[in-house]
>>> print(open('run05.cif').read())   # mmCIF, C-alpha atoms
data_input
loop_
_atom_site.label_atom_id
_atom_site.label_comp_id
_atom_site.auth_asym_id
_atom_site.auth_seq_id
_atom_site.Cartn_x
_atom_site.Cartn_y
_atom_site.Cartn_z
CA MET K 1 125.47 138.99 122.74
CA PRO K 2 128.77 138.91 120.82
CA ASN K 3 129.41 136.04 118.45
CA VAL K 4 131.66 133.32 119.77
CA VAL K 5 133.99 131.82 117.21
CA GLN K 6 134.87 128.28 118.14
CA LYS K 7 138.20 127.08 116.82
CA GLU K 8 139.81 123.76 116.06
CA GLY K 9 141.32 122.30 119.22
CA ASP K 10 138.92 124.18 121.47
CA PRO K 11 137.46 121.68 124.00
CA SER K 12 134.02 123.17 123.33
CA THR K 13 134.19 122.04 119.70
CA SER K 14 135.18 118.45 120.32
CA THR K 15 133.19 115.50 121.57
CA ALA K 16 133.27 115.33 125.35
CA THR K 17 134.36 112.09 126.99
CA THR K 18 133.23 110.30 130.13
CA ALA K 19 135.42 107.60 131.61
CA GLY K 20 137.30 107.45 128.34
CA MET K 21 134.18 106.85 126.25
CA PRO K 22 132.83 109.55 123.86
CA ASN K 23 129.32 110.86 124.27
CA GLU K 24 126.84 109.68 121.65
CA VAL K 25 127.14 111.66 118.44
CA ILE K 26 124.38 111.69 115.84
CA PRO K 27 125.37 111.20 112.17
CA PRO K 28 122.99 111.18 109.21
CA VAL K 29 120.88 108.03 109.26
CA ALA K 30 119.89 105.76 106.39
CA GLY K 31 118.65 107.68 103.39
CA ALA K 32 121.63 110.02 103.04
CA PRO K 33 124.77 107.97 103.74
CA THR K 34 126.75 109.08 100.69
CA TYR K 35 129.83 111.23 101.17
CA GLY K 36 128.56 114.21 99.15
CA ALA K 37 125.09 114.33 100.71
CA ALA K 38 126.31 113.79 104.26
CA LYS K 39 128.93 116.51 103.90
CA ARG K 40 126.35 119.02 102.64
CA TYR K 41 123.82 118.04 105.33
CA HIS K 42 126.43 118.45 108.04
CA SER K 43 127.36 121.87 106.65
CA ILE K 44 123.72 122.99 106.89
CA LEU K 45 123.43 121.61 110.42
CA ARG K 46 126.53 123.53 111.53
CA ASP K 47 125.18 126.71 109.94
CA PHE K 48 121.82 126.25 111.67
CA MET K 49 123.39 125.53 115.07
CA ALA K 50 125.78 128.47 114.74
CA TYR K 51 122.88 130.83 114.01
CA THR K 52 120.68 129.38 116.75
CA ASN K 53 123.43 129.36 119.38
CA GLU K 54 124.82 132.73 118.24
CA ALA K 55 128.17 131.13 117.54
CA GLY K 56 130.20 132.58 114.72
CA HIS K 57 131.45 129.29 113.35
CA TYR K 58 131.57 125.55 113.96
CA PRO K 59 134.55 123.82 112.34
CA GLU K 60 134.04 121.16 109.71
CA ARG K 61 134.88 118.32 112.09
CA HIS K 62 132.58 119.53 114.90
CA MET K 63 130.22 116.83 116.16
CA PHE K 64 127.01 117.65 118.08
CA THR K 65 125.91 115.41 120.91
CA ASN K 66 122.54 113.73 121.25
CA ALA K 67 121.68 116.14 124.06
CA GLU K 68 122.42 119.20 121.92
CA LEU K 69 120.35 117.95 118.99
CA SER K 70 117.45 116.99 121.26
CA GLU K 71 117.09 120.65 122.27
CA ILE K 72 116.25 121.81 118.72
CA THR K 73 112.69 123.16 118.43
CA PRO K 74 110.39 123.98 115.49
CA ASP K 75 110.49 127.68 116.43
CA GLN K 76 114.27 127.71 116.11
CA ILE K 77 114.06 126.08 112.69
CA ILE K 78 111.46 128.58 111.43
CA ARG K 79 113.59 131.45 112.68
CA TYR K 80 116.52 130.01 110.73
CA PHE K 81 114.32 129.64 107.63
CA LYS K 82 113.35 133.32 107.86
CA TYR K 83 116.98 134.31 108.19
CA LYS K 84 117.95 132.35 105.08
CA LEU K 85 115.06 133.66 102.97
CA TYR K 86 114.83 137.26 104.21
CA GLY K 87 118.09 137.96 106.05
CA ASP K 88 116.22 138.44 109.35
CA GLY K 89 115.04 135.66 111.64
CA ASP K 90 112.48 137.92 113.34
CA VAL K 91 110.81 139.34 110.23
CA ASP K 92 107.03 139.19 109.80
CA VAL K 93 106.65 137.20 106.59
CA SER K 94 104.20 138.80 104.17
CA ASP K 95 106.04 138.95 100.85
CA LYS K 96 108.06 136.79 98.48
CA PRO K 97 111.47 135.57 99.69
CA LEU K 98 114.45 137.73 98.87
CA SER K 99 116.57 134.64 98.35
CA GLY K 100 115.73 130.98 97.88
CA SER K 101 112.31 129.33 97.78
CA HIS K 102 110.18 126.68 99.45
CA HIS K 103 112.40 124.11 97.70
CA THR K 104 115.33 125.56 99.66
CA LEU K 105 113.43 125.02 102.90
CA ASP K 106 112.56 121.45 101.94
CA TYR K 107 116.26 120.73 101.54
CA TYR K 108 117.12 122.37 104.86
CA LYS K 109 114.41 120.30 106.53
CA LYS K 110 115.85 117.11 105.10
CA ALA K 111 119.36 118.04 106.21
CA ILE K 112 118.41 118.89 109.80
CA SER K 113 116.04 115.93 110.03
CA SER K 114 118.81 113.49 109.10
CA PHE K 115 120.54 114.33 112.41
CA ALA K 116 117.44 114.27 114.64
CA PRO K 117 117.78 111.73 117.50
CA GLN K 118 114.10 110.78 117.08
CA ARG K 119 114.04 111.07 113.31
CA GLU K 120 111.07 108.79 112.68
CA THR K 121 108.91 110.19 115.50
CA PRO K 122 106.44 113.01 114.71
CA TRP K 123 106.86 116.15 116.83
CA ASP K 124 104.71 116.29 119.97
CA PRO K 125 104.14 119.97 120.93
CA VAL K 126 103.06 118.98 124.46
CA SER K 127 106.03 116.83 125.47
CA ARG K 128 108.28 118.66 123.00
CA GLN K 129 109.69 115.34 121.87
CA GLY K 130 110.19 113.85 118.42
CA ASN K 131 111.57 115.18 115.17
CA PRO K 132 111.12 118.99 115.16
CA THR K 133 111.23 119.19 111.36
CA ARG K 134 108.00 117.16 111.29
CA ALA K 135 106.10 119.72 113.35
CA LYS K 136 102.84 121.13 111.95
CA SER K 137 104.17 124.69 112.25
CA ILE K 138 107.15 123.83 109.99
CA ASN K 139 104.93 122.44 107.25
CA GLU K 140 102.58 125.43 107.50
CA PHE K 141 105.50 127.84 107.13
CA VAL K 142 106.80 126.06 104.03
CA ARG K 143 103.29 126.18 102.51
CA LEU K 144 103.10 129.90 103.30
CA ILE K 145 106.34 130.53 101.40
CA ARG K 146 105.10 128.45 98.48
CA ASP K 147 101.86 130.46 98.34
CA LEU K 148 103.75 133.76 98.52
CA GLU K 149 105.94 132.70 95.61
CA GLY K 150 102.84 132.12 93.50
CA ALA K 151 103.19 131.41 89.80
CA GLU K 152 106.47 133.35 89.57
CA GLY K 153 108.31 130.73 91.58
CA SER K 154 111.64 131.21 93.33
CA SER K 155 113.66 134.42 93.57
CA LYS K 156 116.07 133.05 90.94
CA LYS K 157 113.24 132.51 88.46
CA ARG K 158 111.87 135.99 89.16
CA LYS K 159 115.25 137.54 88.41
CA ASN K 160 115.50 135.64 85.14
CA LYS K 161 112.02 136.78 84.10
CA SER K 162 112.93 140.38 84.83
CA GLY K 163 115.47 140.30 82.00
CA ASN K 164 118.62 139.58 83.96
CA THR K 165 119.22 136.22 82.32
CA PRO K 166 122.83 136.10 81.14
CA SER K 167 123.36 135.77 77.39
CA LYS K 168 124.51 132.50 75.89
CA GLN K 169 127.76 134.12 74.85
CA SER K 170 128.56 135.18 78.41
CA THR K 171 127.96 131.69 79.79
CA ILE K 172 130.46 129.96 77.49
CA ALA K 173 133.43 128.98 79.61
CA PRO K 174 136.94 129.25 78.18
CA LYS K 175 138.70 126.03 77.31
CA PRO K 176 140.98 124.88 80.13
CA SER K 177 144.69 124.83 79.54
CA ALA K 178 146.60 121.57 79.51
CA ALA K 179 147.90 122.25 83.03
CA GLU K 180 144.47 122.83 84.61
CA PRO K 181 143.22 119.18 84.77
CA ALA K 182 146.32 118.15 86.70
CA ALA K 183 145.97 121.14 89.04
CA LYS K 184 142.31 120.38 89.70
CA LYS K 185 143.15 116.77 90.42
CA ALA K 186 145.80 117.83 92.88
CA ARG K 187 143.44 120.26 94.60
CA GLY K 188 140.83 117.54 94.92
CA LEU K 189 143.25 115.43 96.92
CA GLU K 190 144.26 118.20 99.29
CA LEU K 191 142.08 119.06 102.30
CA PRO K 192 142.56 121.58 105.12
CA GLY K 193 145.01 120.54 107.77
CA GLY K 194 147.19 118.52 105.42
CA ILE K 195 144.69 115.67 105.11
CA ASN K 196 145.03 113.91 101.77
CA ASN K 197 142.19 111.41 102.12
CA PRO K 198 139.02 113.01 100.68
CA ASN K 199 136.82 110.82 102.88
CA ALA K 200 138.53 111.87 106.11
CA ILE K 201 136.35 114.92 106.82
CA MET K 202 133.08 112.99 107.03
CA SER K 203 134.37 109.50 107.94
CA GLU K 204 133.46 109.99 111.62
CA ILE K 205 129.88 110.74 110.60
CA LEU K 206 129.42 108.05 107.98
CA GLN K 207 130.91 105.18 109.97
CA GLN K 208 128.30 105.62 112.69
CA VAL K 209 125.21 105.32 110.47
CA HIS K 210 124.56 101.80 111.68
CA GLN K 211 124.84 102.85 115.32
CA GLN K 212 122.29 105.65 114.84
CA ASN K 213 119.81 103.31 113.14
CA ASN K 214 119.98 100.99 116.12
CA SER K 215 119.48 103.85 118.59
CA ILE K 216 116.17 105.03 117.05
#
>>> encode(input="run05.cif", output="structure tokens")
Amino acid sequence: MPNVVQKEGDPSTSTATTAGMPNEVIPPVAGAPTYGAAKRYHSILRDFMAYTNEAGHYPERHMFTNAELSEITPDQIIRYFKYKLYGDGDVDVSDKPLSGSHHTLDYYKKAISSFAPQRETPWDPVSRQGNPTRAKSINEFVRLIRDLEGAEGSSKKRKNKSGNTPSKQSTIAPKPSAAEPAAKKARGLELPGGINNPNAIMSEILQQVHQQNNSI
């Protein structure tokens, strides 16, 4: 199936409306309401959904409905984990990850879990209801990766032990010029689409935290 790239302005990438009222959209719930964390979590969710749905890209402002998020399963999450660690979601795992570690998976779990409609409910494999990141199969897969890593740890640590650690001299950054601080400040205030408010990208997510808590 060819990848489908969804663009800004495409009706399929915006929240649908019924009788003028938007469908319920799930933001991160209490525990990760800060701008930086929520933005990163939402980025991971979009990446996961794009891979699972074979969509090339979801724009930064894309919001997933309750119905879409309720269809996520533990098998889909494990397939995504394999893809991130080995580059292939269908690989038979029997060796150390090529990239990342079990710590990477823990972070992905936390990110996806923060958007789960039934975040506090353990996964029920019979009814297929609850938080899929809390499924037994997810925890077993993370333990498997941790065991495969062994004492050598993550792929980054293994590379450093193999003698590829950069020298101290090469890691010393040049002193910035007098013009750079002002340029960086200006860049920090400019966002895609001409938006100058740095909180605008995630404001739709963060302002609904209270609503999501009440819906659980």
>>> residues_around(input="run05.cif", residues="K:Ile145", least_positions_apart="4", cutoff="7 Å", atoms="all atoms listed in the file", output="ChimeraX atom specification")
/K:102,141,149
>>> write_last_selection(input="run05.cif", atoms="C-alpha atoms", output="PDB file, in the coordinates of the input")
ATOM      1  CA  HIS K 102     110.180 126.680  99.450  1.00  0.00           C
ATOM      2  CA  PHE K 141     105.500 127.840 107.130  1.00  0.00           C
ATOM      3  CA  GLU K 149     105.940 132.700  95.610  1.00  0.00           C
TER       4      GLU K 149
END
>>> residues_around(input="run05.cif", residues="K:Pro122", least_positions_apart="4", cutoff="10 Å", atoms="all atoms listed in the file", output="compact mmCIF listing (two decimals) with C-alpha atoms, in the coordinates of the input")
# COMPACT_ATOMS: atom_id res chain seq x y z
CA GLN K 118 114.10 110.78 117.08
CA GLN K 129 109.69 115.34 121.87
CA GLY K 130 110.19 113.85 118.42
CA ASN K 131 111.57 115.18 115.17
CA PRO K 132 111.12 118.99 115.16
CA THR K 133 111.23 119.19 111.36
CA ARG K 134 108.00 117.16 111.29
CA ALA K 135 106.10 119.72 113.35
CA LYS K 136 102.84 121.13 111.95
>>> closest_residue(input="run05.cif", among="K:Gly56, K:Gly89, K:Gly36, K:Pro74", to="K:Ile138", atoms="all atoms listed in the file")
K:Pro74
>>> closest_residue(input="run05.cif", among="K:Val91, K:Ala55, K:Leu144, K:Ile72", to="K:Leu105", atoms="only C-alpha atoms")
K:Leu144
>>> atom_distance(input="run05.cif", atom1="atom CA of K:Lys96", atom2="atom CA of K:Tyr51")
22.3 Å
>>> closest_residue(input="run05.cif", among="K:Trp123, K:Tyr108, K:Tyr86, K:Tyr80", to="K:Ser43", atoms="only C-alpha atoms")
K:Tyr108
>>> atom_distance(input="run05.cif", atom1="atom CA of K:Leu45", atom2="atom CA of K:Ala111")
6.9 Å
>>> closest_residue(input="run05.cif", among="K:Arg119, K:His62, K:Lys82, K:His42", to="K:Ser101", atoms="only C-alpha atoms")
K:Lys82
>>> atom_distance(input="run05.cif", atom1="atom CA of K:Glu60", atom2="atom CA of K:Asp47")
10.5 Å
>>> closest_residue(input="run05.cif", among="K:Pro59, K:Thr73, K:Asp92, K:Pro97", to="K:Asp124", atoms="all atoms listed in the file")
K:Thr73
>>> closest_residue(input="run05.cif", among="K:Ser114, K:Ser99, K:Thr121, K:Ser127", to="K:Ala38", atoms="only C-alpha atoms")
K:Ser114
>>> decode(input="run05.cif", residues="stretch 52-73 of chain K", atoms="N, CA, C and O atoms", output="PDB file, in the first residue's frame")
ATOM      1  N   THR K  52       1.688   2.956  11.999  1.00  0.00           N
ATOM      2  CA  THR K  52       0.624   1.960  12.123  1.00  0.00           C
ATOM      3  C   THR K  52      -0.399   2.081  11.005  1.00  0.00           C
ATOM      4  O   THR K  52      -0.865   1.073  10.453  1.00  0.00           O
ATOM      5  N   ASN K  53      -0.755   3.304  10.649  1.00  0.00           N
ATOM      6  CA  ASN K  53      -1.768   3.530   9.623  1.00  0.00           C
ATOM      7  C   ASN K  53      -1.185   3.640   8.223  1.00  0.00           C
ATOM      8  O   ASN K  53      -1.918   3.926   7.269  1.00  0.00           O
ATOM      9  N   GLU K  54       0.141   3.438   8.107  1.00  0.00           N
ATOM     10  CA  GLU K  54       0.837   3.542   6.828  1.00  0.00           C
ATOM     11  C   GLU K  54       0.603   4.901   6.176  1.00  0.00           C
ATOM     12  O   GLU K  54       0.401   5.012   4.968  1.00  0.00           O
ATOM     13  N   ALA K  55       0.628   5.921   7.007  1.00  0.00           N
ATOM     14  CA  ALA K  55       0.518   7.296   6.527  1.00  0.00           C
ATOM     15  C   ALA K  55       1.901   7.915   6.579  1.00  0.00           C
ATOM     16  O   ALA K  55       2.643   7.720   7.543  1.00  0.00           O
ATOM     17  N   GLY K  56       2.258   8.652   5.554  1.00  0.00           N
ATOM     18  CA  GLY K  56       3.607   9.199   5.500  1.00  0.00           C
ATOM     19  C   GLY K  56       3.878  10.236   6.553  1.00  0.00           C
ATOM     20  O   GLY K  56       4.999  10.352   7.049  1.00  0.00           O
ATOM     21  N   HIS K  57       2.864  10.994   6.947  1.00  0.00           N
ATOM     22  CA  HIS K  57       3.108  12.116   7.845  1.00  0.00           C
ATOM     23  C   HIS K  57       1.796  12.626   8.422  1.00  0.00           C
ATOM     24  O   HIS K  57       0.786  12.702   7.724  1.00  0.00           O
ATOM     25  N   TYR K  58       1.825  12.964   9.716  1.00  0.00           N
ATOM     26  CA  TYR K  58       0.730  13.704  10.331  1.00  0.00           C
ATOM     27  C   TYR K  58       1.284  15.061  10.744  1.00  0.00           C
ATOM     28  O   TYR K  58       2.320  15.126  11.413  1.00  0.00           O
ATOM     29  N   PRO K  59       0.628  16.146  10.358  1.00  0.00           N
ATOM     30  CA  PRO K  59       1.160  17.467  10.688  1.00  0.00           C
ATOM     31  C   PRO K  59       1.165  17.721  12.186  1.00  0.00           C
ATOM     32  O   PRO K  59       0.476  17.045  12.955  1.00  0.00           O
ATOM     33  N   GLU K  60       1.933  18.710  12.586  1.00  0.00           N
ATOM     34  CA  GLU K  60       2.149  18.985  14.008  1.00  0.00           C
ATOM     35  C   GLU K  60       0.866  19.300  14.749  1.00  0.00           C
ATOM     36  O   GLU K  60       0.729  18.993  15.926  1.00  0.00           O
ATOM     37  N   ARG K  61      -0.104  19.881  14.071  1.00  0.00           N
ATOM     38  CA  ARG K  61      -1.360  20.261  14.724  1.00  0.00           C
ATOM     39  C   ARG K  61      -2.423  19.157  14.660  1.00  0.00           C
ATOM     40  O   ARG K  61      -3.537  19.359  15.138  1.00  0.00           O
ATOM     41  N   HIS K  62      -2.099  18.010  14.066  1.00  0.00           N
ATOM     42  CA  HIS K  62      -3.105  16.955  13.919  1.00  0.00           C
ATOM     43  C   HIS K  62      -3.556  16.447  15.285  1.00  0.00           C
ATOM     44  O   HIS K  62      -2.747  16.193  16.169  1.00  0.00           O
ATOM     45  N   MET K  63      -4.864  16.289  15.433  1.00  0.00           N
ATOM     46  CA  MET K  63      -5.443  15.787  16.673  1.00  0.00           C
ATOM     47  C   MET K  63      -6.191  14.484  16.389  1.00  0.00           C
ATOM     48  O   MET K  63      -7.011  14.420  15.463  1.00  0.00           O
ATOM     49  N   PHE K  64      -5.917  13.435  17.175  1.00  0.00           N
ATOM     50  CA  PHE K  64      -6.578  12.148  16.992  1.00  0.00           C
ATOM     51  C   PHE K  64      -7.801  12.064  17.888  1.00  0.00           C
ATOM     52  O   PHE K  64      -7.786  12.498  19.032  1.00  0.00           O
ATOM     53  N   THR K  65      -8.858  11.489  17.356  1.00  0.00           N
ATOM     54  CA  THR K  65     -10.099  11.384  18.110  1.00  0.00           C
ATOM     55  C   THR K  65     -10.035  10.226  19.105  1.00  0.00           C
ATOM     56  O   THR K  65      -9.194   9.330  19.012  1.00  0.00           O
ATOM     57  N   ASN K  66     -10.975  10.251  20.027  1.00  0.00           N
ATOM     58  CA  ASN K  66     -11.100   9.176  21.015  1.00  0.00           C
ATOM     59  C   ASN K  66     -11.261   7.831  20.311  1.00  0.00           C
ATOM     60  O   ASN K  66     -10.660   6.830  20.704  1.00  0.00           O
ATOM     61  N   ALA K  67     -12.059   7.804  19.261  1.00  0.00           N
ATOM     62  CA  ALA K  67     -12.311   6.553  18.540  1.00  0.00           C
ATOM     63  C   ALA K  67     -11.028   6.008  17.919  1.00  0.00           C
ATOM     64  O   ALA K  67     -10.771   4.796  17.959  1.00  0.00           O
ATOM     65  N   GLU K  68     -10.222   6.878  17.335  1.00  0.00           N
ATOM     66  CA  GLU K  68      -8.964   6.442  16.721  1.00  0.00           C
ATOM     67  C   GLU K  68      -8.015   5.868  17.768  1.00  0.00           C
ATOM     68  O   GLU K  68      -7.393   4.818  17.558  1.00  0.00           O
ATOM     69  N   LEU K  69      -7.896   6.545  18.893  1.00  0.00           N
ATOM     70  CA  LEU K  69      -6.964   6.103  19.931  1.00  0.00           C
ATOM     71  C   LEU K  69      -7.440   4.834  20.624  1.00  0.00           C
ATOM     72  O   LEU K  69      -6.624   4.053  21.118  1.00  0.00           O
ATOM     73  N   SER K  70      -8.743   4.617  20.645  1.00  0.00           N
ATOM     74  CA  SER K  70      -9.290   3.410  21.273  1.00  0.00           C
ATOM     75  C   SER K  70      -9.012   2.157  20.447  1.00  0.00           C
ATOM     76  O   SER K  70      -9.143   1.038  20.955  1.00  0.00           O
ATOM     77  N   GLU K  71      -8.625   2.333  19.186  1.00  0.00           N
ATOM     78  CA  GLU K  71      -8.341   1.189  18.319  1.00  0.00           C
ATOM     79  C   GLU K  71      -6.897   0.706  18.425  1.00  0.00           C
ATOM     80  O   GLU K  71      -6.544  -0.322  17.844  1.00  0.00           O
ATOM     81  N   ILE K  72      -6.054   1.401  19.176  1.00  0.00           N
ATOM     82  CA  ILE K  72      -4.651   0.996  19.333  1.00  0.00           C
ATOM     83  C   ILE K  72      -4.574  -0.303  20.117  1.00  0.00           C
ATOM     84  O   ILE K  72      -5.240  -0.469  21.147  1.00  0.00           O
ATOM     85  N   THR K  73      -3.745  -1.240  19.656  1.00  0.00           N
ATOM     86  CA  THR K  73      -3.595  -2.534  20.323  1.00  0.00           C
ATOM     87  C   THR K  73      -2.147  -2.762  20.748  1.00  0.00           C
ATOM     88  O   THR K  73      -1.222  -2.138  20.198  1.00  0.00           O
TER      89      THR K  73
END
